[in-house]
file query.txt (compact mmCIF, C-alpha atoms)
# COMPACT_ATOMS: atom_id res chain seq x y z
CA MET A 1 0.00 0.00 0.00
CA LYS A 2 2.86 2.37 0.83
CA ASN A 3 4.52 1.76 -2.52
CA LYS A 4 1.26 2.33 -4.43
CA PHE A 5 0.74 5.64 -2.61
CA GLU A 6 4.28 6.69 -3.53
CA HIS A 7 3.63 5.77 -7.17
CA ILE A 8 0.49 7.93 -7.23
CA LEU A 9 2.34 10.93 -5.76
CA LEU A 10 5.19 10.50 -8.25
CA SER A 11 2.72 10.33 -11.13
CA ILE A 12 1.01 13.55 -9.98
CA LEU A 13 4.39 15.29 -9.60
CA LEU A 14 5.42 14.11 -13.07
CA GLY A 15 2.16 15.38 -14.58
CA LEU A 16 2.56 18.80 -13.00
CA THR A 17 6.19 19.03 -14.16
CA VAL A 18 5.31 18.12 -17.76
CA LEU A 19 2.37 20.54 -17.74
CA LEU A 20 4.48 23.44 -16.48
CA GLY A 21 7.22 22.66 -18.99
CA LEU A 22 4.70 22.54 -21.85
CA SER A 23 3.14 25.81 -20.68
CA PHE A 24 6.53 27.55 -20.64
CA TRP A 25 7.41 26.23 -24.11
CA LEU A 26 4.11 27.18 -25.78
CA ASN A 27 4.03 30.57 -24.10
CA THR A 28 7.61 31.33 -25.20
CA VAL A 29 7.51 30.00 -28.76
CA PHE A 30 3.86 30.45 -29.79
CA ASN A 31 2.65 33.05 -27.24
CA PHE A 32 -0.05 30.55 -26.20
CA ASN A 33 -1.08 30.22 -22.56
CA ILE A 34 -2.59 26.78 -21.93
CA PHE A 35 -4.14 28.06 -18.69
CA CYS A 36 -6.04 30.83 -20.47
CA GLY A 37 -9.53 29.96 -21.71
CA ALA A 38 -9.54 32.83 -24.22
CA HIS A 39 -6.52 31.36 -25.97
CA TRP A 40 -8.25 27.98 -26.35
CA LYS A 41 -11.35 29.70 -27.78
CA GLU A 42 -9.19 31.56 -30.27
CA LEU A 43 -7.48 28.29 -31.23
CA SER A 44 -10.83 26.60 -31.83
CA LYS A 45 -11.95 29.52 -34.04
CA LEU A 46 -8.76 29.24 -36.12
CA GLN A 47 -9.28 25.49 -36.51
CA ALA A 48 -12.96 25.98 -37.48
CA ALA A 49 -11.96 28.56 -40.09
CA HIS A 50 -9.32 26.17 -41.50
CA ILE A 51 -6.61 28.71 -40.88
CA PRO A 52 -3.20 26.96 -40.96
CA ILE A 53 -1.56 26.48 -37.56
CA SER A 54 2.12 25.62 -37.16
CA ILE A 55 2.64 21.86 -37.07
CA HIS A 56 5.25 22.37 -34.37
CA PHE A 57 2.47 23.49 -32.02
CA TYR A 58 0.81 20.08 -32.21
CA ILE A 59 4.16 18.24 -32.13
CA SER A 60 5.02 20.02 -28.88
CA ILE A 61 1.79 18.81 -27.26
CA ILE A 62 2.32 15.24 -28.53
CA ILE A 63 5.88 15.17 -27.19
CA ALA A 64 4.68 16.37 -23.77
CA ILE A 65 2.03 13.61 -23.68
CA PHE A 66 4.63 11.01 -24.70
CA ILE A 67 7.01 12.16 -21.95
CA PHE A 68 4.24 11.88 -19.37
CA LEU A 69 3.21 8.38 -20.50
CA PHE A 70 6.81 7.17 -20.61
CA GLY A 71 7.42 8.57 -17.13
CA VAL A 72 4.33 6.81 -15.72
CA TYR A 73 5.49 3.55 -17.32
CA PHE A 74 8.94 3.98 -15.78
CA ILE A 75 7.38 4.53 -12.33
CA TYR A 76 5.17 1.44 -12.56
CA ARG A 77 7.41 -0.80 -14.69
CA GLN A 78 8.67 -3.00 -11.77
CA GLU A 79 5.08 -3.63 -10.66
CA ILE A 80 3.99 -4.39 -14.25
CA ARG A 81 6.96 -6.74 -14.70
CA ASN A 82 6.12 -8.70 -11.55
CA ILE A 83 2.47 -9.04 -12.61
CA TYR A 84 3.62 -10.40 -15.99
CA ILE A 85 5.99 -12.89 -14.31
CA ARG A 86 3.26 -14.12 -11.97
CA LYS A 87 0.83 -14.67 -14.86
CA SER A 88 3.38 -16.42 -17.06
CA THR A 89 4.81 -18.71 -14.38
CA THR A 90 3.06 -22.05 -14.01
CA PRO A 91 4.29 -23.93 -10.94
CA VAL A 92 4.61 -27.67 -11.37
CA SER A 93 4.33 -29.83 -8.27
CA GLU A 94 5.27 -33.47 -8.08
CA PRO A 95 3.79 -36.02 -5.70
CA ILE A 96 5.97 -36.78 -2.70
CA LYS A 97 6.33 -40.39 -1.61
CA PRO A 98 5.24 -40.87 2.02
CA THR A 99 8.23 -43.13 2.72
CA GLU A 100 10.71 -40.47 1.69
CA THR A 101 9.36 -37.20 3.09
CA PRO A 102 7.38 -35.93 6.08
CA GLN A 103 3.64 -35.97 5.43
CA HIS A 104 3.01 -32.37 6.53
CA PHE A 105 6.09 -30.68 5.08
CA GLU A 106 5.49 -28.40 2.09
CA ILE A 107 8.04 -26.50 0.05
CA ASN A 108 6.75 -22.98 -0.50
CA GLN A 109 7.89 -21.59 -3.84
CA SER A 110 5.65 -18.54 -4.15
CA ARG A 111 7.37 -15.47 -5.56
CA PRO A 112 7.27 -12.16 -3.66
CA PRO A 113 6.68 -8.96 -5.61
CA ARG A 114 10.17 -7.46 -5.36
CA LEU A 115 13.34 -7.46 -3.30
CA ASN A 116 15.01 -4.35 -1.82
CA LEU A 117 18.26 -4.47 0.13
CA PRO A 118 18.32 -2.45 3.37
CA LYS A 119 20.39 0.67 2.74
CA ASN A 120 22.56 0.42 5.87
CA MET A 121 22.89 -3.36 6.11
CA VAL A 122 26.22 -3.57 4.31
CA GLN A 123 27.86 -1.01 6.60
CA ILE A 124 26.58 -2.76 9.73
CA ALA A 125 27.73 -6.16 8.50
CA ALA A 126 31.19 -4.89 7.53
CA GLN A 127 31.71 -3.32 10.96
CA ASN A 128 30.52 -6.40 12.85
CA ASN A 129 32.52 -8.71 10.61
CA ALA A 130 35.74 -6.83 11.41
CA GLN A 131 35.07 -7.09 15.15
CA THR A 132 34.40 -10.84 15.31
CA GLN A 133 36.37 -12.37 12.42
CA PRO A 134 38.63 -14.67 14.58
CA LYS A 135 35.65 -16.20 16.39
CA GLU A 136 33.76 -16.92 13.17
CA THR A 137 36.80 -18.53 11.52
CA LYS A 138 37.16 -21.00 14.36
CA SER A 139 33.48 -21.99 14.26
CA ASN A 140 33.46 -22.48 10.51
CA GLU A 141 36.56 -24.65 10.67
CA ASN A 142 34.87 -26.94 13.18
CA SER A 143 31.76 -27.17 10.99
CA SER A 144 33.72 -27.88 7.81
CA THR A 145 35.26 -31.08 9.21
CA ASN A 146 32.04 -33.06 8.69
CA PRO A 147 32.58 -35.49 5.77
CA TYR A 148 28.98 -35.05 4.59
CA ASN A 149 29.39 -31.33 3.89
CA SER A 150 30.93 -31.64 0.45
CA ILE A 151 28.47 -34.38 -0.60
CA ILE A 152 25.46 -32.31 0.46
CA ALA A 153 26.86 -29.16 -1.17
CA ASP A 154 27.45 -31.01 -4.46
CA THR A 155 23.93 -32.47 -4.33
CA PHE A 156 22.33 -29.03 -4.09
CA SER A 157 24.72 -27.40 -6.58
CA ASN A 158 23.94 -30.07 -9.17
CA ASN A 159 20.21 -29.47 -8.77
CA GLY A 160 19.98 -25.75 -9.40
CA TYR A 161 20.78 -24.27 -5.97
CA LEU A 162 23.54 -21.82 -5.03
CA VAL A 163 25.47 -23.00 -1.95
CA LYS A 164 26.52 -20.25 0.46
CA GLN A 165 28.99 -20.04 3.34
CA ASN A 166 27.63 -21.70 6.48
CA PRO A 167 26.81 -18.88 8.95
CA SER A 168 26.82 -18.94 12.74
CA ILE A 169 23.26 -18.37 13.96
CA ILE A 170 23.04 -17.90 17.74
CA GLY A 171 25.68 -20.58 18.17
CA PHE A 172 24.30 -23.02 15.60
CA ILE A 173 26.34 -23.66 12.44
CA PRO A 174 24.47 -25.60 9.73
CA ASN A 175 26.10 -28.09 7.38
CA LEU A 176 24.33 -26.52 4.41
CA PHE A 177 23.14 -23.02 3.61
CA ALA A 178 21.88 -22.68 0.03
CA ILE A 179 19.49 -20.50 -1.95
CA GLY A 180 17.29 -21.03 -4.99
CA ASN A 181 15.24 -18.93 -7.35
CA ASN A 182 11.97 -17.37 -6.08
CA GLU A 183 13.56 -16.53 -2.70
CA ILE A 184 14.01 -20.14 -1.53
CA LEU A 185 16.45 -20.82 1.33
CA TRP A 186 17.67 -24.29 2.35
CA ILE A 187 19.29 -24.91 5.74
CA GLY A 188 20.49 -28.37 6.69
CA GLY A 189 22.28 -30.13 9.52
CA VAL A 190 23.91 -33.52 10.04
CA ASP A 191 23.08 -35.30 13.32
CA CYS A 192 22.47 -31.89 14.88
CA ASP A 193 20.23 -30.86 17.75
CA LYS A 194 16.70 -30.34 16.44
CA GLN A 195 15.80 -27.59 18.91
CA LYS A 196 18.96 -25.62 18.15
CA MET A 197 18.14 -25.74 14.44
CA LEU A 198 14.55 -24.63 15.06
CA SER A 199 15.79 -21.74 17.22
CA ALA A 200 18.22 -20.73 14.48
CA ILE A 201 15.41 -20.80 11.92
CA GLU A 202 13.23 -18.59 14.11
CA LYS A 203 16.10 -16.12 14.46
CA LEU A 204 16.52 -16.07 10.67
CA LYS A 205 12.82 -15.42 10.21
CA SER A 206 12.90 -12.52 12.66
CA VAL A 207 15.89 -10.95 10.87
CA PHE A 208 14.19 -11.33 7.49
CA THR A 209 11.02 -9.73 8.86
CA GLU A 210 12.96 -6.78 10.28
CA THR A 211 15.07 -6.12 7.18
CA LEU A 212 12.58 -6.78 4.36
CA GLU A 213 9.21 -5.19 3.64
CA ASP A 214 6.36 -7.53 2.66
CA ILE A 215 8.75 -10.11 1.16
CA PRO A 216 8.75 -13.66 2.59
CA ILE A 217 11.93 -15.73 2.42
CA ASN A 218 10.76 -19.34 2.12
CA ILE A 219 12.90 -21.44 4.47
CA ASN A 220 13.15 -25.21 3.94
CA ALA A 221 15.10 -27.17 6.57
CA PHE A 222 16.28 -30.75 6.94
CA ILE A 223 18.30 -32.99 9.24
CA LEU A 224 20.43 -35.88 8.00
CA ASP A 225 19.76 -38.19 10.95
CA THR A 226 22.31 -41.00 10.56
CA MET A 227 22.02 -41.82 14.28
CA ASN A 228 18.24 -42.38 14.02
CA LYS A 229 17.36 -39.93 16.80
CA TYR A 230 14.24 -38.33 15.29
CA GLN A 231 10.97 -39.39 13.71
CA LYS A 232 10.56 -38.76 9.98
CA ASP A 233 7.14 -37.08 10.29
CA SER A 234 7.48 -33.38 11.03
CA ASP A 235 5.70 -30.19 9.98
CA GLN A 236 8.85 -28.08 10.43
CA LEU A 237 11.80 -30.20 9.32
CA LEU A 238 12.57 -32.85 6.78
CA VAL A 239 14.34 -35.84 8.31
CA PHE A 240 16.48 -38.12 6.16
CA LYS A 241 17.98 -41.34 7.54
CA ASN A 242 20.79 -41.56 4.99
CA ILE A 243 22.45 -39.50 2.28
CA ASP A 244 20.72 -41.40 -0.52
CA GLU A 245 17.28 -40.33 0.72
CA LEU A 246 18.44 -36.71 0.67
CA LYS A 247 19.87 -37.05 -2.83
CA ASP A 248 16.67 -38.61 -4.18
CA PHE A 249 14.50 -35.93 -2.63
CA ILE A 250 16.55 -32.98 -3.93
CA ALA A 251 16.78 -34.59 -7.37
CA SER A 252 12.98 -34.69 -7.49
CA HIS A 253 12.70 -31.10 -6.15
CA PRO A 254 15.41 -29.13 -7.99
CA GLY A 255 15.70 -25.35 -7.89
CA ASP A 256 13.59 -23.36 -10.34
CA GLU A 257 15.37 -22.30 -13.50
CA ILE A 258 16.53 -18.67 -13.44
CA LYS A 259 15.17 -16.98 -16.54
CA GLU A 260 16.86 -13.98 -18.13
CA ASP A 261 14.32 -11.50 -16.77
CA GLU A 262 14.69 -13.01 -13.29
CA ARG A 263 18.50 -12.79 -13.11
CA GLU A 264 18.60 -9.28 -11.63
CA ASN A 265 16.14 -10.19 -8.88
CA PHE A 266 18.07 -13.39 -8.03
CA ASP A 267 21.40 -11.52 -7.88
CA SER A 268 19.82 -9.01 -5.50
CA TYR A 269 18.52 -11.86 -3.34
CA SER A 270 21.96 -13.54 -3.33
CA GLU A 271 23.62 -10.28 -2.29
CA TYR A 272 21.09 -9.86 0.50
CA ILE A 273 21.77 -13.37 1.85
CA ASP A 274 25.56 -12.73 1.76
CA THR A 275 24.97 -9.63 3.87
CA ILE A 276 22.74 -11.52 6.31
CA ILE A 277 25.43 -14.21 6.75
CA LYS A 278 27.88 -11.53 7.90
CA TYR A 279 25.29 -9.70 9.98
CA ILE A 280 23.52 -12.47 11.88
CA LYS A 281 26.54 -13.99 13.62
CA ASN A 282 26.58 -11.07 16.07
CA LEU A 283 22.91 -11.34 17.09

call {"tool": "encode", "arguments": {"input": "query.txt", "output": "structure tokens"}}
result
Amino acid sequence: MKNKFEHILLSILLGLTVLLGLSFWLNTVFNFNIFCGAHWKELSKLQAAHIPISIHFYISIIIAIFIFLFGVYFIYRQEIRNIYIRKSTTPVSEPIKPTETPQHFEINQSRPPRLNLPKNMVQIAAQNNAQTQPKETKSNENSSTNPYNSIIADTFSNNGYLVKQNPSIIGFIPNLFAIGNNEILWIGGVDCDKQKMLSAIEKLKSVFTETLEDIPININAFILDTMNKYQKDSDQLLVFKNIDELKDFIASHPGDEIKEDERENFDSYSEYIDTIIKYIKNL
């Protein structure tokens, strides 16, 4: 609603600017005041009498109208583009086998209207990153020793996802942190504590809510439970008992293809996630 109100105000301002510019031009070149009714009456009399009027007079008015229409299109073009993408995108869902996935877990792949990076996020992240770099390096080294990390990363990379650096989220370091098109985020752990992962996810959600306006980041989470500690059925987490189950699931749910007109939005999303990774470790 806020953005629509801003668009309306910008359109009004543009219209007034074009009108004043046209008035100045016609008054200077043709001695015609568009705000004077007598001038319009005189113009109509000349047209009715078939008296020739300079073609440049009409061209000036046409150019002013064109500038206004082009300006309105420029103001609303992002909104028009997102409407077109929503209409042209047909999501395809595949049935999930009950023996492979939790019964109540759904992967949300709805596309938000647009993505704006917070203006001061980069500065905050850079400052915090400089203050706590030694601590983060130690944590990431401990997390990278898990032999499953490279296998999981390759599985997601080969199925259309972009694997990111594993962040530290209130003490929890995942074994996978990857993004996909349409603002999808995957977070995964190997034989990790379920409650710590859920707490980390809640912290991520709160940061996303604070730093983005009306744009949901769709978080999908899983645990590779090789020690058989948790039940498979869950409405919050996917639980896989071995690496083959995870591979089969991701192969049947690859990341959406990034089309040419979606590349800019995805790059903006990727940049935002990189900033969050640096920012969230200090929360």

call {"tool": "residues_around", "arguments": {"input": "query.txt", "residues": "segment 66-76 of chain A", "least_positions_apart": "2", "cutoff": "10 Å", "atoms": "all atoms listed in the file", "output": "CSV table (one decimal) with C-alpha atoms, in the coordinates of the input"}}
result
chain,number,residue,atom,x,y,z
A,4,LYS,CA,1.3,2.3,-4.4
A,6,GLU,CA,4.3,6.7,-3.5
A,7,HIS,CA,3.6,5.8,-7.2
A,8,ILE,CA,0.5,7.9,-7.2
A,10,LEU,CA,5.2,10.5,-8.2
A,11,SER,CA,2.7,10.3,-11.1
A,12,ILE,CA,1.0,13.6,-10.0
A,14,LEU,CA,5.4,14.1,-13.1
A,15,GLY,CA,2.2,15.4,-14.6
A,16,LEU,CA,2.6,18.8,-13.0
A,17,THR,CA,6.2,19.0,-14.2
A,18,VAL,CA,5.3,18.1,-17.8
A,19,LEU,CA,2.4,20.5,-17.7
A,60,SER,CA,5.0,20.0,-28.9
A,61,ILE,CA,1.8,18.8,-27.3
A,62,ILE,CA,2.3,15.2,-28.5
A,63,ILE,CA,5.9,15.2,-27.2
A,64,ALA,CA,4.7,16.4,-23.8
A,78,GLN,CA,8.7,-3.0,-11.8
A,79,GLU,CA,5.1,-3.6,-10.7
A,80,ILE,CA,4.0,-4.4,-14.2
A,81,ARG,CA,7.0,-6.7,-14.7

call {"tool": "residues_around", "arguments": {"input": "query.txt", "residues": "segment 244-248 of chain A", "least_positions_apart": "2", "cutoff": "12 Å", "atoms": "all atoms listed in the file", "output": "MDAnalysis selection string"}}
result
chainID A and resid 96:97 99:101 148 151:159 188:190 221:226 232 238:242 250:254

call {"tool": "residues_around", "arguments": {"input": "query.txt", "residues": "Phe208 of chain A", "least_positions_apart": "2", "cutoff": "12 Å", "atoms": "only C-alpha atoms", "output": "PyMOL selection string"}}
result
chain A and resi 115-118+121+183+185+201-206+210-219+269+272-273+275-277+279-280

call {"tool": "atom_distance", "arguments": {"input": "query.txt", "atom1": "atom CA of Ser54 of chain A", "atom2": "atom CA of Val29 of chain A"}}
result
10.9 Å

call {"tool": "atom_distance", "arguments": {"input": "query.txt", "atom1": "atom CA of Met197 of chain A", "atom2": "atom CA of Phe172 of chain A"}}
result
6.8 Å

call {"tool": "atom_distance", "arguments": {"input": "query.txt", "atom1": "atom CA of Gly255 of chain A", "atom2": "atom CA of Ala178 of chain A"}}
result
10.4 Å

call {"tool": "closest_residue", "arguments": {"input": "query.txt", "among": "A:Ser44, A:Asn146, A:Ser23, A:Gln195", "to": "Asn175 of chain A", "atoms": "only C-alpha atoms"}}
result
A:Asn146

call {"tool": "closest_residue", "arguments": {"input": "query.txt", "among": "A:Leu237, A:Leu162, A:Ile187, A:Ile243", "to": "Pro174 of chain A", "atoms": "only C-alpha atoms"}}
result
A:Ile187

call {"tool": "residues_near_point", "arguments": {"input": "query.txt", "point": "(8.3, 27.5, -33.2)", "cutoff": "9 Å", "atoms": "all atoms listed in the file", "output": "list in words"}}
result
Leu26, Thr28, Val29, Phe30, Ser54, Ile55, His56 and Phe57 of chain A

call {"tool": "closest_residue", "arguments": {"input": "query.txt", "among": "A:Phe177, A:Phe5, A:Tyr161, A:Tyr230", "to": "Asp193 of chain A", "atoms": "all atoms listed in the file"}}
result
A:Tyr230

call {"tool": "closest_residue", "arguments": {"input": "query.txt", "among": "A:Ile179, A:Ser150, A:Ile173, A:Gln231", "to": "Ser199 of chain A", "atoms": "all atoms listed in the file"}}
result
A:Ile173

call {"tool": "residues_around", "arguments": {"input": "query.txt", "residues": "segment 33-43 of chain A", "least_positions_apart": "4", "cutoff": "10 Å", "atoms": "all atoms listed in the file", "output": "PyMOL selection string"}}
result
chain A and resi 19-20+22-28+47-49+51+53

call {"tool": "write_last_selection", "arguments": {"input": "query.txt", "atoms": "C-alpha atoms", "output": "PDB file, keeping the file's coordinate frame"}}
result
ATOM      1  CA  LEU A  19       2.370  20.540 -17.740  1.00  0.00           C
ATOM      2  CA  LEU A  20       4.480  23.440 -16.480  1.00  0.00           C
ATOM      3  CA  LEU A  22       4.700  22.540 -21.850  1.00  0.00           C
ATOM      4  CA  SER A  23       3.140  25.810 -20.680  1.00  0.00           C
ATOM      5  CA  PHE A  24       6.530  27.550 -20.640  1.00  0.00           C
ATOM      6  CA  TRP A  25       7.410  26.230 -24.110  1.00  0.00           C
ATOM      7  CA  LEU A  26       4.110  27.180 -25.780  1.00  0.00           C
ATOM      8  CA  ASN A  27       4.030  30.570 -24.100  1.00  0.00           C
ATOM      9  CA  THR A  28       7.610  31.330 -25.200  1.00  0.00           C
ATOM     10  CA  GLN A  47      -9.280  25.490 -36.510  1.00  0.00           C
ATOM     11  CA  ALA A  48     -12.960  25.980 -37.480  1.00  0.00           C
ATOM     12  CA  ALA A  49     -11.960  28.560 -40.090  1.00  0.00           C
ATOM     13  CA  ILE A  51      -6.610  28.710 -40.880  1.00  0.00           C
ATOM     14  CA  ILE A  53      -1.560  26.480 -37.560  1.00  0.00           C
TER      15      ILE A  53
END

call {"tool": "closest_residue", "arguments": {"input": "query.txt", "among": "A:Glu262, A:Asp256, A:Asp191, A:Glu271", "to": "Met227 of chain A", "atoms": "all atoms listed in the file"}}
result
A:Asp191
